[in-house]
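Structure data (mmCIF, C-alpha atoms, pLDDT in the B column; chains and numbers go by the auth columns) from model33.cif:
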data_upload
loop_
_atom_site.group_PDB
_atom_site.id
_atom_site.type_symbol
_atom_site.label_atom_id
_atom_site.label_comp_id
_atom_site.label_asym_id
_atom_site.label_seq_id
_atom_site.Cartn_x
_atom_site.Cartn_y
_atom_site.Cartn_z
_atom_site.B_iso_or_equiv
_atom_site.auth_seq_id
_atom_site.auth_asym_id
ATOM 1 C CA MET A 1 35.568 17.870 -13.104 52.00 1 H
ATOM 2 C CA GLU A 2 36.525 14.388 -11.946 59.00 2 H
ATOM 3 C CA ARG A 3 34.208 12.711 -9.440 72.00 3 H
ATOM 4 C CA LYS A 4 35.848 12.071 -6.073 91.00 4 H
ATOM 5 C CA THR A 5 35.793 8.548 -4.696 94.00 5 H
ATOM 6 C CA ARG A 6 36.029 6.970 -1.270 96.00 6 H
ATOM 7 C CA THR A 7 36.439 3.386 -0.094 96.00 7 H
ATOM 8 C CA VAL A 8 33.930 1.222 1.740 97.00 8 H
ATOM 9 C CA ALA A 9 36.188 1.337 4.811 96.00 9 H
ATOM 10 C CA ASP A 10 36.099 5.152 4.864 96.00 10 H
ATOM 11 C CA SER A 11 32.455 5.160 5.947 97.00 11 H
ATOM 12 C CA ARG A 12 32.050 1.819 7.758 98.00 12 H
ATOM 13 C CA VAL A 13 30.144 2.085 11.043 98.00 13 H
ATOM 14 C CA GLU A 14 29.842 -0.291 13.989 98.00 14 H
ATOM 15 C CA GLN A 15 27.289 0.422 16.707 98.00 15 H
ATOM 16 C CA ILE A 16 26.857 -1.568 19.907 98.00 16 H
ATOM 17 C CA GLN A 17 23.635 -1.731 21.928 97.00 17 H
ATOM 18 C CA ILE A 18 22.510 -3.624 25.000 97.00 18 H
ATOM 19 C CA VAL A 19 18.895 -4.746 24.710 97.00 19 H
ATOM 20 C CA MET A 20 17.174 -3.070 27.649 97.00 20 H
ATOM 21 C CA PRO A 21 13.671 -3.705 29.038 96.00 21 H
ATOM 22 C CA GLU A 22 12.285 -0.695 27.127 96.00 22 H
ATOM 23 C CA HIS A 23 13.471 -2.294 23.847 97.00 23 H
ATOM 24 C CA ILE A 24 11.527 -5.569 24.157 96.00 24 H
ATOM 25 C CA ASN A 25 8.064 -6.615 23.032 93.00 25 H
ATOM 26 C CA GLY A 26 5.479 -8.752 24.839 91.00 26 H
ATOM 27 C CA TYR A 27 7.408 -11.913 24.003 91.00 27 H
ATOM 28 C CA GLY A 28 10.610 -10.689 25.652 91.00 28 H
ATOM 29 C CA ARG A 29 12.327 -10.166 22.296 94.00 29 H
ATOM 30 C CA LEU A 30 13.820 -7.036 20.781 95.00 30 H
ATOM 31 C CA PHE A 31 10.979 -5.000 19.285 94.00 31 H
ATOM 32 C CA GLY A 32 11.368 -4.941 15.489 92.00 32 H
ATOM 33 C CA GLY A 33 10.652 -1.214 15.323 94.00 33 H
ATOM 34 C CA GLN A 34 13.516 -0.506 17.727 96.00 34 H
ATOM 35 C CA LEU A 35 15.884 -2.509 15.553 96.00 35 H
ATOM 36 C CA VAL A 36 14.689 -0.638 12.460 96.00 36 H
ATOM 37 C CA ALA A 37 15.426 2.682 14.219 97.00 37 H
ATOM 38 C CA TRP A 38 18.964 1.529 15.099 98.00 38 H
ATOM 39 C CA ILE A 39 19.493 0.286 11.526 97.00 39 H
ATOM 40 C CA ASP A 40 18.319 3.620 10.088 98.00 40 H
ATOM 41 C CA ILE A 41 20.730 5.532 12.347 98.00 41 H
ATOM 42 C CA VAL A 42 23.678 3.339 11.344 98.00 42 H
ATOM 43 C CA ALA A 43 22.817 3.642 7.640 98.00 43 H
ATOM 44 C CA GLY A 44 22.492 7.410 7.990 98.00 44 H
ATOM 45 C CA VAL A 45 25.926 7.734 9.570 98.00 45 H
ATOM 46 C CA VAL A 46 27.482 5.559 6.840 98.00 46 H
ATOM 47 C CA ALA A 47 25.914 7.743 4.134 98.00 47 H
ATOM 48 C CA ARG A 48 26.889 11.017 5.843 98.00 48 H
ATOM 49 C CA ARG A 49 30.480 9.824 6.222 97.00 49 H
ATOM 50 C CA HIS A 50 30.598 8.938 2.535 98.00 50 H
ATOM 51 C CA CYS A 51 29.103 12.106 1.072 96.00 51 H
ATOM 52 C CA HIS A 52 30.052 14.578 3.833 96.00 52 H
ATOM 53 C CA ASN A 53 26.564 16.017 3.578 95.00 53 H
ATOM 54 C CA GLU A 54 23.082 15.739 4.976 96.00 54 H
ATOM 55 C CA ILE A 55 21.105 12.725 3.811 97.00 55 H
ATOM 56 C CA THR A 56 17.621 11.295 3.897 97.00 56 H
ATOM 57 C CA THR A 57 16.366 7.722 3.915 97.00 57 H
ATOM 58 C CA VAL A 58 14.563 6.949 0.663 95.00 58 H
ATOM 59 C CA CYS A 59 13.663 3.334 1.317 94.00 59 H
ATOM 60 C CA ILE A 60 14.384 0.271 3.331 93.00 60 H
ATOM 61 C CA ASP A 61 14.670 -2.165 0.490 82.00 61 H
ATOM 62 C CA ASN A 62 15.181 -5.403 2.332 73.00 62 H
ATOM 63 C CA LEU A 63 14.741 -6.363 5.973 78.00 63 H
ATOM 64 C CA ASN A 64 15.064 -10.025 6.922 81.00 64 H
ATOM 65 C CA PHE A 65 14.762 -11.120 10.552 86.00 65 H
ATOM 66 C CA LYS A 66 16.752 -14.339 10.955 92.00 66 H
ATOM 67 C CA ALA A 67 16.938 -14.760 14.737 92.00 67 H
ATOM 68 C CA PRO A 68 15.664 -13.007 17.870 93.00 68 H
ATOM 69 C CA ALA A 69 17.554 -10.844 20.326 94.00 69 H
ATOM 70 C CA TYR A 70 16.509 -10.911 23.982 95.00 70 H
ATOM 71 C CA ALA A 71 16.726 -8.542 26.936 94.00 71 H
ATOM 72 C CA ASN A 72 20.273 -7.994 28.252 95.00 72 H
ATOM 73 C CA GLU A 73 21.913 -9.295 25.065 96.00 73 H
ATOM 74 C CA THR A 74 24.575 -7.338 23.205 97.00 74 H
ATOM 75 C CA VAL A 75 23.568 -6.295 19.696 98.00 75 H
ATOM 76 C CA ILE A 76 26.185 -5.260 17.120 98.00 76 H
ATOM 77 C CA LEU A 77 25.152 -3.352 13.991 98.00 77 H
ATOM 78 C CA ILE A 78 27.698 -3.044 11.172 98.00 78 H
ATOM 79 C CA GLY A 79 26.951 -0.681 8.302 98.00 79 H
ATOM 80 C CA ARG A 80 28.832 -0.260 5.047 98.00 80 H
ATOM 81 C CA LEU A 81 28.207 0.998 1.562 98.00 81 H
ATOM 82 C CA SER A 82 27.285 -1.627 -0.985 97.00 82 H
ATOM 83 C CA TYR A 83 26.469 0.503 -4.044 98.00 83 H
ATOM 84 C CA VAL A 84 26.593 4.175 -5.067 97.00 84 H
ATOM 85 C CA GLY A 85 24.604 5.896 -7.790 96.00 85 H
ATOM 86 C CA THR A 86 24.676 9.538 -8.811 95.00 86 H
ATOM 87 C CA THR A 87 22.847 10.965 -5.783 96.00 87 H
ATOM 88 C CA SER A 88 21.969 7.800 -3.891 96.00 88 H
ATOM 89 C CA MET A 89 23.847 5.333 -1.747 98.00 89 H
ATOM 90 C CA GLU A 90 22.818 1.788 -0.878 98.00 90 H
ATOM 91 C CA VAL A 91 23.869 0.840 2.648 98.00 91 H
ATOM 92 C CA ARG A 92 23.977 -2.712 3.988 97.00 92 H
ATOM 93 C CA VAL A 93 23.482 -3.094 7.728 97.00 93 H
ATOM 94 C CA ASP A 94 24.128 -6.479 9.334 97.00 94 H
ATOM 95 C CA THR A 95 22.900 -6.991 12.890 97.00 95 H
ATOM 96 C CA TYR A 96 24.350 -9.624 15.210 98.00 96 H
ATOM 97 C CA VAL A 97 23.737 -10.822 18.740 97.00 97 H
ATOM 98 C CA GLU A 98 27.077 -11.209 20.495 96.00 98 H
ATOM 99 C CA ALA A 99 27.325 -13.861 23.213 93.00 99 H
ATOM 100 C CA LEU A 100 29.466 -13.390 26.302 93.00 100 H
ATOM 101 C CA ASP A 101 32.159 -15.575 24.676 95.00 101 H
ATOM 102 C CA SER A 102 32.214 -13.116 21.699 94.00 102 H
ATOM 103 C CA THR A 103 30.553 -15.461 19.205 96.00 103 H
ATOM 104 C CA ARG A 104 28.128 -13.661 16.905 97.00 104 H
ATOM 105 C CA THR A 105 24.821 -14.820 15.464 97.00 105 H
ATOM 106 C CA LEU A 106 23.334 -12.956 12.500 97.00 106 H
ATOM 107 C CA VAL A 107 19.962 -11.499 13.460 95.00 107 H
ATOM 108 C CA ASN A 108 19.157 -9.310 10.488 93.00 108 H
ATOM 109 C CA THR A 109 20.427 -8.018 7.160 95.00 109 H
ATOM 110 C CA ALA A 110 18.963 -4.804 5.777 95.00 110 H
ATOM 111 C CA TYR A 111 19.550 -2.710 2.677 96.00 111 H
ATOM 112 C CA LEU A 112 18.630 0.972 2.769 97.00 112 H
ATOM 113 C CA VAL A 113 18.810 3.642 0.099 97.00 113 H
ATOM 114 C CA MET A 114 19.983 7.059 1.252 98.00 114 H
ATOM 115 C CA VAL A 115 20.103 10.241 -0.834 98.00 115 H
ATOM 116 C CA ALA A 116 22.486 13.165 -0.291 97.00 116 H
ATOM 117 C CA LEU A 117 20.800 16.558 0.074 97.00 117 H
ATOM 118 C CA ASP A 118 22.092 20.016 -0.746 95.00 118 H
ATOM 119 C CA GLY A 119 21.291 23.167 1.261 92.00 119 H
ATOM 120 C CA LYS A 120 17.871 23.394 -0.415 95.00 120 H
ATOM 121 C CA GLU A 121 17.044 19.759 0.416 94.00 121 H
ATOM 122 C CA ARG A 122 17.439 18.644 -3.195 96.00 122 H
ATOM 123 C CA PRO A 123 19.371 15.535 -4.271 97.00 123 H
ATOM 124 C CA MET A 124 23.033 16.204 -4.989 96.00 124 H
ATOM 125 C CA PRO A 125 25.869 14.105 -6.464 96.00 125 H
ATOM 126 C CA VAL A 126 27.808 11.817 -4.142 97.00 126 H
ATOM 127 C CA PRO A 127 31.392 10.548 -4.388 97.00 127 H
ATOM 128 C CA GLY A 128 32.016 7.310 -6.232 96.00 128 H
ATOM 129 C CA LEU A 129 33.070 4.133 -4.465 96.00 129 H
ATOM 130 C CA THR A 130 36.512 2.570 -4.836 96.00 130 H
ATOM 131 C CA LEU A 131 36.238 -1.210 -4.436 97.00 131 H
ATOM 132 C CA VAL A 132 39.291 -2.936 -2.996 97.00 132 H
ATOM 133 C CA SER A 133 38.224 -6.570 -2.453 97.00 133 H
ATOM 134 C CA ASP A 134 36.376 -9.323 -4.301 98.00 134 H
ATOM 135 C CA GLU A 135 33.694 -9.215 -1.595 97.00 135 H
ATOM 136 C CA GLU A 136 33.154 -5.487 -2.201 97.00 136 H
ATOM 137 C CA ARG A 137 32.976 -6.032 -5.964 98.00 137 H
ATOM 138 C CA ALA A 138 30.408 -8.838 -5.524 98.00 138 H
ATOM 139 C CA GLU A 139 28.342 -6.645 -3.184 97.00 139 H
ATOM 140 C CA TRP A 140 28.541 -3.805 -5.753 97.00 140 H
ATOM 141 C CA GLU A 141 27.222 -6.048 -8.538 98.00 141 H
ATOM 142 C CA ALA A 142 24.370 -7.261 -6.327 97.00 142 H
ATOM 143 C CA GLY A 143 23.644 -3.643 -5.344 96.00 143 H
ATOM 144 C CA LYS A 144 23.583 -2.631 -8.989 96.00 144 H
ATOM 145 C CA ARG A 145 20.978 -5.325 -9.699 96.00 145 H
ATOM 146 C CA ARG A 146 18.901 -4.209 -6.683 94.00 146 H
ATOM 147 C CA SER A 147 19.088 -0.601 -7.919 94.00 147 H
ATOM 148 C CA GLU A 148 17.839 -1.640 -11.364 94.00 148 H
ATOM 149 C CA LEU A 149 14.981 -3.609 -9.777 93.00 149 H
ATOM 150 C CA ARG A 150 13.995 -0.605 -7.632 90.00 150 H
ATOM 151 C CA LYS A 151 13.913 1.600 -10.738 89.00 151 H
ATOM 152 C CA GLN A 152 11.802 -0.976 -12.551 89.00 152 H
ATOM 153 C CA ARG A 153 9.343 -1.184 -9.626 85.00 153 H
ATOM 154 C CA ARG A 154 9.033 2.620 -9.542 80.00 154 H
ATOM 155 C CA LEU A 155 8.232 2.725 -13.258 82.00 155 H
ATOM 156 C CA GLU A 156 5.618 -0.027 -12.863 80.00 156 H
ATOM 157 C CA GLN A 157 3.878 1.946 -10.098 72.00 157 H
ATOM 158 C CA TYR A 158 3.078 4.867 -12.423 67.00 158 H
#
As structure tokens - that is how I would like this structure written.
Amino acid sequence: MERKTRTVADSRVEQIQIVMPEHINGYGRLFGGQLVAWIDIVAGVVARRHCHNEITTVCIDNLNFKAPAYANETVILIGRLSYVGTTSMEVRVDTYVEALDSTRTLVNTAYLVMVALDGKERPMPVPGLTLVSDEERAEWEAGKRRSELRKQRRLEQY
């Protein structure tokens, strides 16, 4: 049976948040844990849209905070698939602060690994990924290298 495929655009997600007082830390900045929760939600929706199944977060592979977000600012999270394995999906989530004039500043880039689950909560195969642009192909190659590094790290731990 041939493996179905979907495009990156088929599962792309954009979420918009306003940073409210309950989202900030003692320095008046967006609390990192709140941002991680938003990132995890976006990545989960991307993965569910791709595999049309339940998923679970396996790891947050990379989380780089590049700039702060403050109370009352608009935060945009954009999630898209970057790499697909047999049962796992790597999702890239970019977070921006959007100014009132619509300019965006990158706040964070995160890579998460999600796994599709069957009815018995066991990993199941996911559709392949059809790449349509040079940017998507470059992201795929980088995702493939990250996947190999994750496997290597797991083997070294045991």
Between H:Val58, H:Ala116, H:Val84, H:Ala71, which one has atoms that come closest to Glu141 of chain H, using all atoms listed in the file?
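When distances to Glu141 of chain H are compared using all atoms listed in the file, the smallest one comes from H:Val84.
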Selected by the PyMOL selection byres ((chain H and resi 44-52) around 8) in the shown coordinates: which residues, as a tab-separated table (two decimals) with C-alpha atoms, keeping the file's coordinate frame?
chain	number	residue	atom	x	y	z
H	6	ARG	CA	36.03	6.97	-1.27
H	10	ASP	CA	36.10	5.15	4.86
H	11	SER	CA	32.46	5.16	5.95
H	12	ARG	CA	32.05	1.82	7.76
H	13	VAL	CA	30.14	2.08	11.04
H	40	ASP	CA	18.32	3.62	10.09
H	41	ILE	CA	20.73	5.53	12.35
H	42	VAL	CA	23.68	3.34	11.34
H	43	ALA	CA	22.82	3.64	7.64
H	53	ASN	CA	26.56	16.02	3.58
H	54	GLU	CA	23.08	15.74	4.98
H	55	ILE	CA	21.10	12.72	3.81
H	56	THR	CA	17.62	11.30	3.90
H	57	THR	CA	16.37	7.72	3.92
H	79	GLY	CA	26.95	-0.68	8.30
H	80	ARG	CA	28.83	-0.26	5.05
H	81	LEU	CA	28.21	1.00	1.56
H	89	MET	CA	23.85	5.33	-1.75
H	91	VAL	CA	23.87	0.84	2.65
H	114	MET	CA	19.98	7.06	1.25
H	116	ALA	CA	22.49	13.16	-0.29
H	126	VAL	CA	27.81	11.82	-4.14
H	127	PRO	CA	31.39	10.55	-4.39
With a distance cut-off of 10 Å and only C-alpha atoms, select the neighbouring residues of segment 135-139 of chain H, excluding the residue or stretch itself and same-chain residues fewer than 3 positions from it, and output the selection as a list in words.
Thr7, Val8, Arg80, Leu81, Ser82, Tyr83, Arg92, Leu129, Thr130, Leu131, Val132, Ala142, Gly143, Lys144 and Arg145 of chain H
So what does the PyMOL selection byres ((chain H and resi 34) around 10) actually pick up in this one, as a list in words?
Val19, Glu22, His23, Ile24, Asn25, Leu30, Phe31, Gly32, Gly33, Leu35, Val36, Ala37, Trp38, Ile39 and Asp40 of chain H
Segment 95-104 of chain H environment, 10 Å, all atoms listed in the file, sequence neighbours closer than 4 positions dropped, as a ChimeraX atom specification:
/H:14-19,35,38-39,65-70,73-79,108-110
Save the residues we just selected, C-alpha atoms, as a PDB file, in the coordinates of the input?
ATOM      1  CA  GLU H  14      29.842  -0.291  13.989  1.00 98.00           C
ATOM      2  CA  GLN H  15      27.289   0.422  16.707  1.00 98.00           C
ATOM      3  CA  ILE H  16      26.857  -1.568  19.907  1.00 98.00           C
ATOM      4  CA  GLN H  17      23.635  -1.731  21.928  1.00 97.00           C
ATOM      5  CA  ILE H  18      22.510  -3.624  25.000  1.00 97.00           C
ATOM      6  CA  VAL H  19      18.895  -4.746  24.710  1.00 97.00           C
ATOM      7  CA  LEU H  35      15.884  -2.509  15.553  1.00 96.00           C
ATOM      8  CA  TRP H  38      18.964   1.529  15.099  1.00 98.00           C
ATOM      9  CA  ILE H  39      19.493   0.286  11.526  1.00 97.00           C
ATOM     10  CA  PHE H  65      14.762 -11.120  10.552  1.00 86.00           C
ATOM     11  CA  LYS H  66      16.752 -14.339  10.955  1.00 92.00           C
ATOM     12  CA  ALA H  67      16.938 -14.760  14.737  1.00 92.00           C
ATOM     13  CA  PRO H  68      15.664 -13.007  17.870  1.00 93.00           C
ATOM     14  CA  ALA H  69      17.554 -10.844  20.326  1.00 94.00           C
ATOM     15  CA  TYR H  70      16.509 -10.911  23.982  1.00 95.00           C
ATOM     16  CA  GLU H  73      21.913  -9.295  25.065  1.00 96.00           C
ATOM     17  CA  THR H  74      24.575  -7.338  23.205  1.00 97.00           C
ATOM     18  CA  VAL H  75      23.568  -6.295  19.696  1.00 98.00           C
ATOM     19  CA  ILE H  76      26.185  -5.260  17.120  1.00 98.00           C
ATOM     20  CA  LEU H  77      25.152  -3.352  13.991  1.00 98.00           C
ATOM     21  CA  ILE H  78      27.698  -3.044  11.172  1.00 98.00           C
ATOM     22  CA  GLY H  79      26.951  -0.681   8.302  1.00 98.00           C
ATOM     23  CA  ASN H 108      19.157  -9.310  10.488  1.00 93.00           C
ATOM     24  CA  THR H 109      20.427  -8.018   7.160  1.00 95.00           C
ATOM     25  CA  ALA H 110      18.963  -4.804   5.777  1.00 95.00           C
TER      26      ALA H 110
END
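For the residues H:Tyr27, H:Thr5, H:Val93, H:Glu156, ranking by smallest atom-to-atom distance to Leu63 of chain H using all atoms listed in the file places H:Val93 first.
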Applying 12 Å and all atoms listed in the file, which residues near Arg150 of chain H remain after dropping the ones on its own chain fewer than 3 positions away? List them as an MDAnalysis selection string.
chainID H and resid 58:62 90 111:113 143:147 153:157
Would you compute the distance between atom CA of Asn72 of chain H and atom CA of Thr105 of chain H? Give it in Å to one decimal.
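So the answer is 15.2 Å.
For the atom pair formed by atom CA of Leu106 of chain H and atom CA of Asp94 of chain H, the distance is 7.3 Å, given to one decimal.
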Take atom CA of Pro125 of chain H and atom CA of Lys4 of chain H and report the distance between them in Å, one decimal.
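Spanning atom CA of Pro125 of chain H to atom CA of Lys4 of chain H is a straight-line distance of 10.2 Å.
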Among the residues H:Val115, H:Arg3, H:Lys151, H:Ala9, the one that comes closest to Ser133 of chain H [using all atoms listed in the file]
H:Ala9
Complete segment 66-90 of chain H at the level of N, CA and C atoms, written as a PDB file, in the coordinates of the input.
ATOM      1  N   LYS H  66      16.289 -12.960  10.997  1.00 92.00           N
ATOM      2  CA  LYS H  66      16.752 -14.339  10.955  1.00 92.00           C
ATOM      3  C   LYS H  66      16.759 -15.014  12.325  1.00 92.00           C
ATOM      4  N   ALA H  67      16.881 -14.210  13.378  1.00 92.00           N
ATOM      5  CA  ALA H  67      16.938 -14.760  14.737  1.00 92.00           C
ATOM      6  C   ALA H  67      16.532 -13.650  15.708  1.00 92.00           C
ATOM      7  N   PRO H  68      16.060 -14.031  16.893  1.00 93.00           N
ATOM      8  CA  PRO H  68      15.664 -13.007  17.870  1.00 93.00           C
ATOM      9  C   PRO H  68      16.849 -12.490  18.679  1.00 93.00           C
ATOM     10  N   ALA H  69      16.631 -11.366  19.311  1.00 94.00           N
ATOM     11  CA  ALA H  69      17.554 -10.844  20.326  1.00 94.00           C
ATOM     12  C   ALA H  69      16.706 -10.631  21.572  1.00 94.00           C
ATOM     13  N   TYR H  70      17.260 -10.972  22.731  1.00 95.00           N
ATOM     14  CA  TYR H  70      16.509 -10.911  23.982  1.00 95.00           C
ATOM     15  C   TYR H  70      17.084  -9.849  24.919  1.00 95.00           C
ATOM     16  N   ALA H  71      16.301  -9.524  25.941  1.00 94.00           N
ATOM     17  CA  ALA H  71      16.726  -8.542  26.936  1.00 94.00           C
ATOM     18  C   ALA H  71      18.098  -8.909  27.493  1.00 94.00           C
ATOM     19  N   ASN H  72      18.927  -7.904  27.686  1.00 95.00           N
ATOM     20  CA  ASN H  72      20.273  -7.994  28.252  1.00 95.00           C
ATOM     21  C   ASN H  72      21.313  -8.577  27.287  1.00 95.00           C
ATOM     22  N   GLU H  73      20.930  -8.820  26.038  1.00 96.00           N
ATOM     23  CA  GLU H  73      21.913  -9.295  25.065  1.00 96.00           C
ATOM     24  C   GLU H  73      22.603  -8.102  24.407  1.00 96.00           C
ATOM     25  N   THR H  74      23.812  -8.357  23.925  1.00 97.00           N
ATOM     26  CA  THR H  74      24.575  -7.338  23.205  1.00 97.00           C
ATOM     27  C   THR H  74      24.262  -7.462  21.716  1.00 97.00           C
ATOM     28  N   VAL H  75      23.889  -6.333  21.118  1.00 98.00           N
ATOM     29  CA  VAL H  75      23.568  -6.295  19.696  1.00 98.00           C
ATOM     30  C   VAL H  75      24.621  -5.438  19.000  1.00 98.00           C
ATOM     31  N   ILE H  76      25.181  -5.953  17.919  1.00 98.00           N
ATOM     32  CA  ILE H  76      26.185  -5.260  17.120  1.00 98.00           C
ATOM     33  C   ILE H  76      25.582  -4.982  15.750  1.00 98.00           C
ATOM     34  N   LEU H  77      25.618  -3.733  15.318  1.00 98.00           N
ATOM     35  CA  LEU H  77      25.152  -3.352  13.991  1.00 98.00           C
ATOM     36  C   LEU H  77      26.364  -2.863  13.203  1.00 98.00           C
ATOM     37  N   ILE H  78      26.573  -3.426  12.016  1.00 98.00           N
ATOM     38  CA  ILE H  78      27.698  -3.044  11.172  1.00 98.00           C
ATOM     39  C   ILE H  78      27.140  -2.546   9.842  1.00 98.00           C
ATOM     40  N   GLY H  79      27.437  -1.283   9.532  1.00 98.00           N
ATOM     41  CA  GLY H  79      26.951  -0.681   8.302  1.00 98.00           C
ATOM     42  C   GLY H  79      28.092  -0.369   7.358  1.00 98.00           C
ATOM     43  N   ARG H  80      27.835  -0.581   6.067  1.00 98.00           N
ATOM     44  CA  ARG H  80      28.832  -0.260   5.047  1.00 98.00           C
ATOM     45  C   ARG H  80      28.125  -0.030   3.727  1.00 98.00           C
ATOM     46  N   LEU H  81      28.756   0.749   2.886  1.00 98.00           N
ATOM     47  CA  LEU H  81      28.207   0.998   1.562  1.00 98.00           C
ATOM     48  C   LEU H  81      28.302  -0.258   0.710  1.00 98.00           C
ATOM     49  N   SER H  82      27.259  -0.491  -0.075  1.00 97.00           N
ATOM     50  CA  SER H  82      27.285  -1.627  -0.985  1.00 97.00           C
ATOM     51  C   SER H  82      27.204  -1.175  -2.442  1.00 97.00           C
ATOM     52  N   TYR H  83      26.614   0.003  -2.679  1.00 98.00           N
ATOM     53  CA  TYR H  83      26.469   0.503  -4.044  1.00 98.00           C
ATOM     54  C   TYR H  83      26.259   2.012  -3.978  1.00 98.00           C
ATOM     55  N   VAL H  84      26.750   2.722  -4.990  1.00 97.00           N
ATOM     56  CA  VAL H  84      26.593   4.175  -5.067  1.00 97.00           C
ATOM     57  C   VAL H  84      26.118   4.541  -6.465  1.00 97.00           C
ATOM     58  N   GLY H  85      25.081   5.361  -6.518  1.00 96.00           N
ATOM     59  CA  GLY H  85      24.604   5.896  -7.790  1.00 96.00           C
ATOM     60  C   GLY H  85      25.083   7.325  -7.943  1.00 96.00           C
ATOM     61  N   THR H  86      24.308   8.134  -8.613  1.00 95.00           N
ATOM     62  CA  THR H  86      24.676   9.538  -8.811  1.00 95.00           C
ATOM     63  C   THR H  86      24.417  10.365  -7.559  1.00 95.00           C
ATOM     64  N   THR H  87      23.216  10.219  -6.995  1.00 96.00           N
ATOM     65  CA  THR H  87      22.847  10.965  -5.783  1.00 96.00           C
ATOM     66  C   THR H  87      22.484  10.035  -4.632  1.00 96.00           C
ATOM     67  N   SER H  88      22.408   8.754  -4.907  1.00 96.00           N
ATOM     68  CA  SER H  88      21.969   7.800  -3.891  1.00 96.00           C
ATOM     69  C   SER H  88      23.082   6.845  -3.486  1.00 96.00           C
ATOM     70  N   MET H  89      22.902   6.291  -2.313  1.00 98.00           N
ATOM     71  CA  MET H  89      23.847   5.333  -1.747  1.00 98.00           C
ATOM     72  C   MET H  89      23.052   4.176  -1.164  1.00 98.00           C
ATOM     73  N   GLU H  90      23.428   2.944  -1.503  1.00 98.00           N
ATOM     74  CA  GLU H  90      22.818   1.788  -0.878  1.00 98.00           C
ATOM     75  C   GLU H  90      23.723   1.366   0.281  1.00 98.00           C
TER      76      GLU H  90
END
